[in-house]
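In what follows, a structure is listed as C-alpha cells, so that the remarks can point back to it.
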Amino acid sequence: MTDTQDVLDLDRVRQLFDLASSFNAHAGGSYRDDPYDAWNALREQAPVHKGTLHELSGAGADLMFHGLPYPDRPHFSAFTWEACDAVYRNPEVFASSPEAIDLESGELGPTNSMLSMGGVQHRRYRALVQPSFSPTKASWWMQNWIEKTVHALIDSFEATGRAELNVEFCAAIPVLTITGSFAVPIAQALDIRESLARPEQIVAILAPIVAARREQSEDDLISVLVEAEITDEEGQVHRLSDAEIYSFSLLLLAAGSGTTWKQMGITLAALLERPDLLEAIRQDRTLLRPAIEESLRWQPTDPMFSRWVTHDTEFFGASLPKGAVLHICLGAANRDPRRWDRPDEFDPSRAPKPTLAFGNGPHVCLGQHVARAEMSIAINALLDRLPNLRLDPDLNPPRFIGFYERGATAIPVVFG
C-alpha cells in the first residue's frame with residue numbers, strides 16, 4: 001500500500017467523489033441550504049406528516065432516493081425520535097422492501113440485497129457476515145487495510161504543507177478499504193467506484209477473484225463469503241452462490257465507498273472549525289470518540305431512510321394505508337429536544353445517548369464499527385503526523401451541502 005499515491009489518480013478521485021455532481025441527479029447534491037430549520041419546524045408541528053421529506057421541506061420535486069419516487073403510493077414522513085425509533089423497531093409493519101427479494105433472479109444492485117430483506121431471510125443472510133463486522137473484528141480491518149491506506153495517503157501530501165482532506169483523503173479511505181478487503185488491486189479501486197451504477201462491470205472485476213477463492217481461500221472478505229454456509233427453508237445447508245456473493249459485495253461497496261467518506265468529512269470539518277476542540281483532542285485522544293459520535297447525531301450523512309407499510313395502521317396520529325411509503329427523517333429525530341438539550345449545537349461533551357445515525361432494529365448498519373474505526377484511525381493519524389493542522393485561511397471554509405445525502409465541500413488545510 002505504500003505506493004497508493006502513485007497508483008491512485010487523484011484527478012479522477014476528485015471527479016468521482018464530487019458531492020454536488022455525484023448526487024445532484026438523485027439525492028439533492030445541489031441543495032445548498034440548511035434543511036434543519038425546516039425539519040425542526042415540521043417535527044414540532046407533528047410526529048408524522050403526509051408527503052415526502054423534500055416536498056415538505058420545500059427542497060424541490062425531482063429528487064430520487066431509496067423509497068422514491070413511487071408516485072402511485074401515498075407518502076408520509078416521520079420526524080420525532082419516538083416515531084422514527086418505533087419504525088425501525090417494527091419491521092413486521094414497516095418493511096424494508098415492497099416486494100420479496102430474490103438474489104438469484106433479481107436485478108443486481110443494493111436495493112435487491114440484504115438491505116431490503118425482511119424476517120427470516122434477512123436474519124439468515126446477515127448472520128453470515130455479521131462476525132466479520134463485529135467490534136472484536138475491527139483489528140482485522142485496521143491491520144489489513146485501514147492503517148496502511150491512511151498512512152499511504154498522508155505520505156502523498158505530508159511534505160507539501162497543505163492538502164484538501166475531503167476528497168483526497170476522506171473519500172479515498174473507505175473505497176480503498178472495502179476494495180482491499182475484496183482483494184481488488186488499487187489500480188481497479190476507482191473502476192469499482194465509477195461502476196456503481198453499472199453493477200455488471202463490477203461483477204466482471206469480482207468474478208475471477210471469487211473463482212480463485214473457491215479454489216484457495218485467503219484472509220479477505222471474499223473468502224469469508226465463499227466459505228459461508230446458509231440453511232434454506234427446507235433445512236438444507238449450502239454455500240453462497242456467485243449471485244449471492246455479488247449481491248453482498250455490491251451492497252458493501254455502495255455503502256463502504258459513500259457514507260463513511262462523507263461522515264468523516266463532516267467530522268473533520270466540524271473539528272477544524274473549532275480549533276480549541278481540535279487541540280484538546282490532540283492532547284487527549286479519548287475525546288475523539290465522543291466527537292465522532294456527536295457528528296453522527298448532529299449531521300448524519302444519510303438523514304432519511306424509507307419503509308413500506310404492510311397493512312393499515314394508526315401511527316402517531318397519522319392513518320397509514322397498506323402500501324404507503326413511510327420516510328424516516330432520522331436527521332430531525334437526532335435533534336429532537338425531547339431527547340437532547342441544545343440539539344442544534346455540536347457539543348461532544350454532552351452525555352452519550354444512542355442516535356439513529358446508523359439506524360436501529362434488525363437493520364442497524366452492518367458496517368458501523370468499521371466506519372467508526374476508519375474515522376478514528378484517520379483523524380488520529382492526521383493529528384499524529386501533521387503539526388498545527390488548521391483550515392487554510394486563504395481558501396473558502398467547508399460547507400455542508402446536499403439533501404438526502406449530506407456532506408462537506410472541500411476541506412482545505414495547511415500544517416507545519
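We label chains A, B, ... in the order they appear in the C-alpha cells, count residues from 1 in each chain, and number ligands from 1 in the order shown.
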Can I get the residues of range 163-196 of chain A within 12 Å of range 246-251 of chain A, each with the closest pair of atoms and their distance in Å to one decimal, using only C-alpha atoms, sorted chain first then ascending number, as a tab-separated table?
residue	atom	partner	partner_atom	distance
A:Ile178	CA	A:Ser249	CA	9.2
A:Thr179	CA	A:Ser249	CA	9.4
A:Ser181	CA	A:Ser249	CA	10.3
A:Phe182	CA	A:Ser249	CA	8.2
A:Ala183	CA	A:Ser249	CA	11.8
A:Val184	CA	A:Ser249	CA	11.7
A:Ile192	CA	A:Leu250	CA	9.6
A:Arg193	CA	A:Leu250	CA	10.5
A:Ser195	CA	A:Leu250	CA	10.3
A:Leu196	CA	A:Leu250	CA	7.8
Selection above as a file: N, CA and C atoms, as a PDB file, in the first residue's frame:
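So the final result, stored in part_9.pdb, reads:
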ATOM      1  N   ILE A 178     -12.630  -1.098   1.443  1.00  0.00           N
ATOM      2  CA  ILE A 178     -13.559  -2.160   1.053  1.00  0.00           C
ATOM      3  C   ILE A 178     -13.052  -2.912  -0.177  1.00  0.00           C
ATOM      4  N   THR A 179     -12.480  -2.209  -1.156  1.00  0.00           N
ATOM      5  CA  THR A 179     -11.942  -2.929  -2.316  1.00  0.00           C
ATOM      6  C   THR A 179     -10.729  -3.755  -1.910  1.00  0.00           C
ATOM      7  N   SER A 181     -10.407  -5.249   0.946  1.00  0.00           N
ATOM      8  CA  SER A 181     -10.930  -6.449   1.598  1.00  0.00           C
ATOM      9  C   SER A 181     -11.461  -7.451   0.583  1.00  0.00           C
ATOM     10  N   PHE A 182     -11.731  -7.002  -0.635  1.00  0.00           N
ATOM     11  CA  PHE A 182     -12.144  -7.889  -1.718  1.00  0.00           C
ATOM     12  C   PHE A 182     -10.968  -8.334  -2.577  1.00  0.00           C
ATOM     13  N   ALA A 183      -9.754  -7.930  -2.189  1.00  0.00           N
ATOM     14  CA  ALA A 183      -8.537  -8.254  -2.940  1.00  0.00           C
ATOM     15  C   ALA A 183      -8.547  -7.640  -4.332  1.00  0.00           C
ATOM     16  N   VAL A 184      -9.241  -6.520  -4.490  1.00  0.00           N
ATOM     17  CA  VAL A 184      -9.218  -5.784  -5.754  1.00  0.00           C
ATOM     18  C   VAL A 184      -7.968  -4.905  -5.770  1.00  0.00           C
ATOM     19  N   ILE A 192     -14.160   0.418  -9.744  1.00  0.00           N
ATOM     20  CA  ILE A 192     -15.284  -0.067  -8.936  1.00  0.00           C
ATOM     21  C   ILE A 192     -16.210   1.093  -8.593  1.00  0.00           C
ATOM     22  N   ARG A 193     -15.646   2.187  -8.085  1.00  0.00           N
ATOM     23  CA  ARG A 193     -16.451   3.342  -7.707  1.00  0.00           C
ATOM     24  C   ARG A 193     -17.220   3.890  -8.907  1.00  0.00           C
ATOM     25  N   SER A 195     -18.263   2.380 -11.441  1.00  0.00           N
ATOM     26  CA  SER A 195     -19.219   1.423 -11.998  1.00  0.00           C
ATOM     27  C   SER A 195     -20.374   1.101 -11.059  1.00  0.00           C
ATOM     28  N   LEU A 196     -20.554   1.866  -9.977  1.00  0.00           N
ATOM     29  CA  LEU A 196     -21.614   1.539  -9.031  1.00  0.00           C
ATOM     30  C   LEU A 196     -22.991   1.523  -9.686  1.00  0.00           C
TER      31      LEU A 196
END
Where does range 21-106 of chain A meet range 329-343 of chain A within 6 Å, residue by residue, with the nearest atom pair and distance in Å to one decimal for each, counting only C-alpha atoms, listed by chain and rising number, as a tab-separated table?
residue	atom	partner	partner_atom	distance
A:Trp39	CA	A:Ala332	CA	5.6
A:Ala78	CA	A:Cys329	CA	5.8
A:Phe79	CA	A:Cys329	CA	5.3
A:Thr80	CA	A:Ala333	CA	4.8
A:Trp81	CA	A:Ala333	CA	4.1
Store the residues picked out above, limited to C-alpha atoms, as a PDB file, in the first residue's frame.
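The resulting file, again.pdb, is reproduced below:
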ATOM      1  CA  TRP A  39     -37.122  19.745   9.783  1.00  0.00           C
ATOM      2  CA  ALA A  78     -41.743  10.780  10.461  1.00  0.00           C
ATOM      3  CA  PHE A  79     -39.773  13.413  12.365  1.00  0.00           C
ATOM      4  CA  THR A  80     -39.677  12.809  16.125  1.00  0.00           C
ATOM      5  CA  TRP A  81     -37.218  10.492  17.853  1.00  0.00           C
TER       6      TRP A  81
END
Residue nearest Ile202 in chain A - candidates A:Leu190, A:Asp392, A:Thr160, A:Asp232, atoms counted: only C-alpha atoms:
A:Leu190
If you count only C-alpha atoms, which residues fall within 8 Å of Ile401 in chain A, apart from same-chain ones fewer than 3 positions away, as a ChimeraX atom specification?
/A:20,29-34,406-409
Do you know which residues are at most 9 Å from Asp242 in chain A counting only C-alpha atoms, after dropping those on the same chain fewer than 5 positions away, and could you put them as a count of residues only?
6
